[in-house]
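K.L.:
This is the structure I have questions about; it appears just below.
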Amino acid sequence: MKLRKNILIVDNNCELEQLVKEPLLKQLKDSGVSPVVIRAKDGAEAAIKSENQKFDMVLIDTEVPRLMDGGFVYGLHSYKNTQDADLIVVSHREAADLPENLQNCKFFKKPVSPAELINAMITVLNAQHHGVVKDIPATAAAAAKHAVDVRVINAVIKATTNVLGQFGVTSVKMEKAGPKSPHDPLMGEVSSVVDIKSESFQGFLCVSFDKGSYLEVVSTMLMEEQTELNADNQDAVGEINNIIFGNAKAEITNFGVQMTVPKVLLGANQIVPCSQGSAGMMIPFSTAKGKFYITVCALPVAAKAA
């Protein structure tokens with residue numbers, strides 16, 4: 001049975017709807033997702049429709065009437081039916097000129113590439129379909145119970161899949177999460193680690209790519225096929241992970257969690273030192289050409305007080 005996903009497109013001249021609707025339905029025909037596209041001609045109609053129906057994604061053209069001067073765009077993240085929706089914005093403006101609550105969403109400057117926009121939408125829908133929240137087993141969360149708010153993990157998952165989608169990696173599939181000893185080596189060959197802490201947590205998050213998945217991303221990024229890890233392409237991991245954690249940071253800080261600047265680790269079997277009593281979990285992902293891993297490690301309460 002397919003999972004229905006409601007998409008609200010705020011678009012006064014049908015341009016966005018015509019651009020994405022048919023290709024989206026076609027590309028997701030054989031997937032587990034059934035997109036339902038609903039259009040609103042302006043901000044006022046979008047507000048009315050969001051009062052009566054829950055949306056999983058909202059695609060906005062900022063030039064539509066009664067949007068910026070109305071309440072809809074400013075209440076997106078507080079309305080019951082759109083607060084959990086993924087937001088994509090298309091605009092003639094620069095991202096920095098948009099209202100603050102639109103600046104951290106997925107953004108496309110006009111004229112937008114139809115393929116890039118559709119790929120971004122499919123990546124988000126696939127991430128939702130694979131259960132970013134509810135597919136993390138309770139046993140895995142319990143293994144890091146003094147660890148991290150699941151919303152933080154979800155923010156990093158969402159940011160990672162979104163950024164990879166921007167680089168053309170659309171076949172991301174989340175696999176089964178589970179406990180992982182924080183004293184074991186990281187699973188990838190190119191990794192980035194950030195320390196995170198809040199009033200109730202101290203530990204780190206890591207995004208680690210194997211050779212295949214990393215070369216898949218960096219080939220698109222450098223616009224040249226990369227077949228081996230070398231000095232010319234290894235520096236790109238820092239930029240990729242800065243973008244990932246930068247995208248996640250805005251959401252994470254809303255939960256009272258602080259992050260450091262990402263630290264890059266090159267080479268297989270890297271170990272991040274942890275004190276005894278730490279707990280960890282790992283979420284593996286597959287792409288068309290390899291795998292990447294999101295790992296979270298929580299230091300014990302005693303370690304935080306030290």
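In the structure tokens, each chain is lettered A, B, ... as it comes, each chain's residues begin at 1, and ligands are numbered from 1 in order of appearance.
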For Gly256 in chain A, list every protein, DNA or RNA residue within 9 Å, evaluated using only C-alpha atoms, and leave out those in the same chain fewer than 2 positions away; present the list as a list in words.

P.N.:
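The residues that qualify are Lys197, Ser198, Glu199, Ile252, Thr253, Asn254 and Gln258 of chain A.
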
K.L.:
Residues of the last selection are to be written out with N, CA and C atoms, as a PDB file, in the first residue's frame.

P.N.:
ATOM      1  N   LYS A 197      26.047  19.541  22.336  1.00  0.00           N
ATOM      2  CA  LYS A 197      25.719  19.491  23.755  1.00  0.00           C
ATOM      3  C   LYS A 197      24.482  20.333  24.029  1.00  0.00           C
ATOM      4  N   SER A 198      23.775  19.949  25.092  1.00  0.00           N
ATOM      5  CA  SER A 198      22.638  20.704  25.591  1.00  0.00           C
ATOM      6  C   SER A 198      22.649  20.564  27.106  1.00  0.00           C
ATOM      7  N   GLU A 199      21.578  20.991  27.762  1.00  0.00           N
ATOM      8  CA  GLU A 199      21.527  20.874  29.213  1.00  0.00           C
ATOM      9  C   GLU A 199      21.528  19.420  29.662  1.00  0.00           C
ATOM     10  N   ILE A 252      18.437  22.631  14.794  1.00  0.00           N
ATOM     11  CA  ILE A 252      18.952  22.043  16.033  1.00  0.00           C
ATOM     12  C   ILE A 252      19.051  23.067  17.155  1.00  0.00           C
ATOM     13  N   THR A 253      19.491  24.279  16.833  1.00  0.00           N
ATOM     14  CA  THR A 253      19.641  25.294  17.874  1.00  0.00           C
ATOM     15  C   THR A 253      18.292  25.680  18.467  1.00  0.00           C
ATOM     16  N   ASN A 254      17.215  25.482  17.703  1.00  0.00           N
ATOM     17  CA  ASN A 254      15.880  25.742  18.251  1.00  0.00           C
ATOM     18  C   ASN A 254      15.543  24.778  19.383  1.00  0.00           C
ATOM     19  N   GLN A 258      23.759  22.969  21.105  1.00  0.00           N
ATOM     20  CA  GLN A 258      24.875  23.702  20.513  1.00  0.00           C
ATOM     21  C   GLN A 258      25.769  22.743  19.736  1.00  0.00           C
TER      22      GLN A 258
END

K.L.:
So which residues touch Ile122 in chain A within 8 Å, counting only C-alpha atoms, skipping near sequence neighbours fewer than 2 positions away, as a PyMOL selection string?

P.N.:
chain A and resi 24+28+118-120+124-126+170

K.L.:
Counting only C-alpha atoms, figure out which residue out of A:Ser181, A:Thr160, A:Ser219, A:Asn230 gets nearest to Phe245 in chain A.

P.N.:
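Selected residue with least distance to Phe245 in chain A: A:Thr160.
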
K.L.:
Go through A:Ile283, A:Val89, A:Pro273, A:Thr62 one by one, measure the shortest atom-to-atom distance of each to Gly203 in chain A using only C-alpha atoms, and give the residue with the smallest value.

P.N.:
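Closest candidate: A:Pro273.
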
K.L.:
Which residues are near Phe72 in chain A? Cut-off 10 Å, only C-alpha atoms, ignore same chain within fewer than 5 positions. Put them as a list in words.

P.N.:
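The filter keeps Asp42, Gly43, Ala44, Glu45, Ala46, Ala47, Ile48, Ser50, Arg66, Leu67, His77, Ser78 and Tyr79 of chain A.
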
K.L.:
Quick one: residues within 12 Å of Gln166 in chain A, only C-alpha atoms, excluding same-chain residues fewer than 4 positions away - as a list in words?

P.N.:
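Those residues are Lys106, Phe107, Phe108, Ser113, Ala115, Glu116, Leu117, Ile118, Asn119, Ala120, Met121, Ile122, Thr123, Val124, Ala159, Thr160, Thr161, Asn162, Thr170, Val217, Val218, Thr220, Met221, Ile240, Ile243 and Ile244 of chain A.
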
K.L.:
Within range 94-296 of chain A, find each residue whose DSSP state, derived from the backbone, is helix (DSSP H, G or I), and express the selection as a PyMOL selection string.

P.N.:
chain A and resi 95-97+100-102+114-129+138-143+150-166+211-222+231-234+236-253

K.L.:
Deliver the residues from the most recent selection as a file, using C-alpha atoms, as a PDB file, in the first residue's frame.

P.N.:
ATOM      1  CA  ALA A  95      17.711  33.825  -0.093  1.00  0.00           C
ATOM      2  CA  ALA A  96      19.103  36.447   2.283  1.00  0.00           C
ATOM      3  CA  ASP A  97      16.319  38.866   1.253  1.00  0.00           C
ATOM      4  CA  GLU A 100      13.807  34.907   8.311  1.00  0.00           C
ATOM      5  CA  ASN A 101      11.639  31.792   8.573  1.00  0.00           C
ATOM      6  CA  LEU A 102      12.160  31.073   4.861  1.00  0.00           C
ATOM      7  CA  PRO A 114      12.918  21.566 -13.438  1.00  0.00           C
ATOM      8  CA  ALA A 115      15.113  18.473 -12.970  1.00  0.00           C
ATOM      9  CA  GLU A 116      16.807  19.899  -9.867  1.00  0.00           C
ATOM     10  CA  LEU A 117      13.500  20.979  -8.339  1.00  0.00           C
ATOM     11  CA  ILE A 118      11.851  17.600  -8.965  1.00  0.00           C
ATOM     12  CA  ASN A 119      14.905  15.726  -7.657  1.00  0.00           C
ATOM     13  CA  ALA A 120      14.825  17.800  -4.486  1.00  0.00           C
ATOM     14  CA  MET A 121      11.131  17.045  -3.986  1.00  0.00           C
ATOM     15  CA  ILE A 122      11.645  13.315  -4.557  1.00  0.00           C
ATOM     16  CA  THR A 123      14.568  13.241  -2.116  1.00  0.00           C
ATOM     17  CA  VAL A 124      12.445  14.861   0.606  1.00  0.00           C
ATOM     18  CA  LEU A 125       9.473  12.571  -0.046  1.00  0.00           C
ATOM     19  CA  ASN A 126      11.711   9.495   0.005  1.00  0.00           C
ATOM     20  CA  ALA A 127      13.224  10.596   3.309  1.00  0.00           C
ATOM     21  CA  GLN A 128       9.736  11.047   4.754  1.00  0.00           C
ATOM     22  CA  HIS A 129       8.636   7.677   3.362  1.00  0.00           C
ATOM     23  CA  ALA A 138      13.064   2.018  20.211  1.00  0.00           C
ATOM     24  CA  THR A 139      15.972  -0.299  21.080  1.00  0.00           C
ATOM     25  CA  ALA A 140      18.386   1.911  19.190  1.00  0.00           C
ATOM     26  CA  ALA A 141      17.057   5.049  20.828  1.00  0.00           C
ATOM     27  CA  ALA A 142      17.252   3.330  24.208  1.00  0.00           C
ATOM     28  CA  ALA A 143      20.894   2.442  23.595  1.00  0.00           C
ATOM     29  CA  VAL A 150      15.469  12.321  18.315  1.00  0.00           C
ATOM     30  CA  ARG A 151      14.602  15.653  16.681  1.00  0.00           C
ATOM     31  CA  VAL A 152      18.327  16.397  16.448  1.00  0.00           C
ATOM     32  CA  ILE A 153      18.989  13.107  14.657  1.00  0.00           C
ATOM     33  CA  ASN A 154      16.056  13.774  12.346  1.00  0.00           C
ATOM     34  CA  ALA A 155      17.341  17.271  11.553  1.00  0.00           C
ATOM     35  CA  VAL A 156      20.719  15.832  10.510  1.00  0.00           C
ATOM     36  CA  ILE A 157      19.067  13.070   8.451  1.00  0.00           C
ATOM     37  CA  LYS A 158      16.850  15.582   6.690  1.00  0.00           C
ATOM     38  CA  ALA A 159      19.727  17.990   6.039  1.00  0.00           C
ATOM     39  CA  THR A 160      21.930  15.168   4.700  1.00  0.00           C
ATOM     40  CA  THR A 161      19.332  13.799   2.279  1.00  0.00           C
ATOM     41  CA  ASN A 162      18.388  17.317   1.164  1.00  0.00           C
ATOM     42  CA  VAL A 163      21.995  18.323   0.473  1.00  0.00           C
ATOM     43  CA  LEU A 164      22.757  15.072  -1.345  1.00  0.00           C
ATOM     44  CA  GLY A 165      19.640  15.682  -3.421  1.00  0.00           C
ATOM     45  CA  GLN A 166      20.994  19.092  -4.391  1.00  0.00           C
ATOM     46  CA  LYS A 211      34.335   5.453  -1.173  1.00  0.00           C
ATOM     47  CA  GLY A 212      31.475   4.817  -3.595  1.00  0.00           C
ATOM     48  CA  SER A 213      28.971   7.249  -2.101  1.00  0.00           C
ATOM     49  CA  TYR A 214      31.591   9.954  -1.591  1.00  0.00           C
ATOM     50  CA  LEU A 215      32.830   9.755  -5.179  1.00  0.00           C
ATOM     51  CA  GLU A 216      29.208   9.848  -6.330  1.00  0.00           C
ATOM     52  CA  VAL A 217      28.654  13.152  -4.535  1.00  0.00           C
ATOM     53  CA  VAL A 218      31.986  14.756  -5.293  1.00  0.00           C
ATOM     54  CA  SER A 219      31.796  13.906  -9.015  1.00  0.00           C
ATOM     55  CA  THR A 220      28.646  16.002  -9.273  1.00  0.00           C
ATOM     56  CA  MET A 221      30.074  18.700  -7.066  1.00  0.00           C
ATOM     57  CA  LEU A 222      33.271  19.044  -9.117  1.00  0.00           C
ATOM     58  CA  ALA A 231      44.325  15.048  -2.694  1.00  0.00           C
ATOM     59  CA  ASP A 232      42.302  16.872  -5.354  1.00  0.00           C
ATOM     60  CA  ASN A 233      38.909  15.730  -4.143  1.00  0.00           C
ATOM     61  CA  GLN A 234      39.341  14.980  -0.431  1.00  0.00           C
ATOM     62  CA  ALA A 236      35.431  18.590  -0.812  1.00  0.00           C
ATOM     63  CA  VAL A 237      34.229  16.581   2.204  1.00  0.00           C
ATOM     64  CA  GLY A 238      34.701  19.629   4.389  1.00  0.00           C
ATOM     65  CA  GLU A 239      32.513  21.734   2.131  1.00  0.00           C
ATOM     66  CA  ILE A 240      29.847  19.012   1.819  1.00  0.00           C
ATOM     67  CA  ASN A 241      29.599  18.483   5.549  1.00  0.00           C
ATOM     68  CA  ASN A 242      29.721  22.204   6.316  1.00  0.00           C
ATOM     69  CA  ILE A 243      26.630  22.528   4.120  1.00  0.00           C
ATOM     70  CA  ILE A 244      24.929  19.545   5.792  1.00  0.00           C
ATOM     71  CA  PHE A 245      25.557  20.652   9.348  1.00  0.00           C
ATOM     72  CA  GLY A 246      24.920  24.279   8.421  1.00  0.00           C
ATOM     73  CA  ASN A 247      21.471  23.328   7.128  1.00  0.00           C
ATOM     74  CA  ALA A 248      20.757  21.296  10.257  1.00  0.00           C
ATOM     75  CA  LYS A 249      22.107  23.875  12.690  1.00  0.00           C
ATOM     76  CA  ALA A 250      19.219  26.336  12.420  1.00  0.00           C
ATOM     77  CA  GLU A 251      16.736  23.632  13.395  1.00  0.00           C
ATOM     78  CA  ILE A 252      18.952  22.043  16.033  1.00  0.00           C
ATOM     79  CA  THR A 253      19.641  25.294  17.874  1.00  0.00           C
TER      80      THR A 253
END

K.L.:
For the atom pair CA of Lys263 in chain A and CA of His183 in chain A, what is the interatomic distance in Å to one decimal place?

P.N.:
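Between CA of Lys263 in chain A and CA of His183 in chain A the gap is 18.0 Å.
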
K.L.:
Please list as a list in words every residue within 7 Å of Ile38 in chain A, counting only C-alpha atoms and excluding residues in the same chain fewer than 5 positions away.

P.N.:
Ile7, Leu8 and Ile9 of chain A

K.L.:
Residues near Ala298 in chain A, anyone? I mean within 6 Å using only C-alpha atoms, not counting same-chain ones fewer than 4 positions away, as a compact mmCIF listing (two decimals) with N, CA and C atoms, in the first residue's frame.

P.N.:
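And here is the file that came out, selection17.txt:
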# COMPACT_ATOMS: atom_id res chain seq x y z
N ALA A 147 21.31 10.14 25.45
CA ALA A 147 21.98 10.72 24.32
C ALA A 147 21.32 11.98 23.81
N GLN A 202 25.67 15.46 26.08
CA GLN A 202 26.99 15.82 25.55
C GLN A 202 27.49 14.64 24.74
N GLY A 203 27.95 14.90 23.53
CA GLY A 203 28.43 13.81 22.68
C GLY A 203 28.81 14.34 21.32
N SER A 278 29.97 5.37 27.49
CA SER A 278 29.29 6.08 26.41
C SER A 278 28.36 5.12 25.67
N ALA A 279 27.36 5.67 25.02
CA ALA A 279 26.41 4.87 24.24
C ALA A 279 26.36 5.41 22.82

K.L.:
Set the distance at 9 Å and use only C-alpha atoms: which residues neighbour Lys54 in chain A once local chain neighbours fewer than 5 positions away are removed? I'd like the list as a ChimeraX atom specification.

P.N.:
/A:6,49,80-82,85

K.L.:
Nearest residue to Phe204 in chain A out of A:Thr260, A:Met223, A:Pro23, A:Phe55, using only C-alpha atoms?

P.N.:
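So, comparing all the options, the nearest one is A:Thr260.
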
K.L.:
Given only C-alpha atoms as the basis, pick out the residue of A:Cys105, A:Val272, A:Val296, A:Val264 nearest to Pro284 in chain A.

P.N.:
A:Val296

K.L.:
Please, what distance in Å, to one decimal, runs between CA of Cys274 in chain A and CA of Gly178 in chain A?

P.N.:
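These atoms are spaced 18.5 Å apart.
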
K.L.:
Have a look at CA of Lys180 in chain A and CA of Leu265 in chain A and let me know their distance in Å, one decimal.

P.N.:
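For CA of Lys180 in chain A relative to CA of Leu265 in chain A, the distance reads 18.8 Å.
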
K.L.:
What are the DSSP strand (DSSP E or B) residues of range 72-120 of chain A, as a list in words?

P.N.:
Asp86, Leu87, Ile88, Val89, Val90, Ser91, Lys106, Phe107, Phe108 and Lys109 of chain A
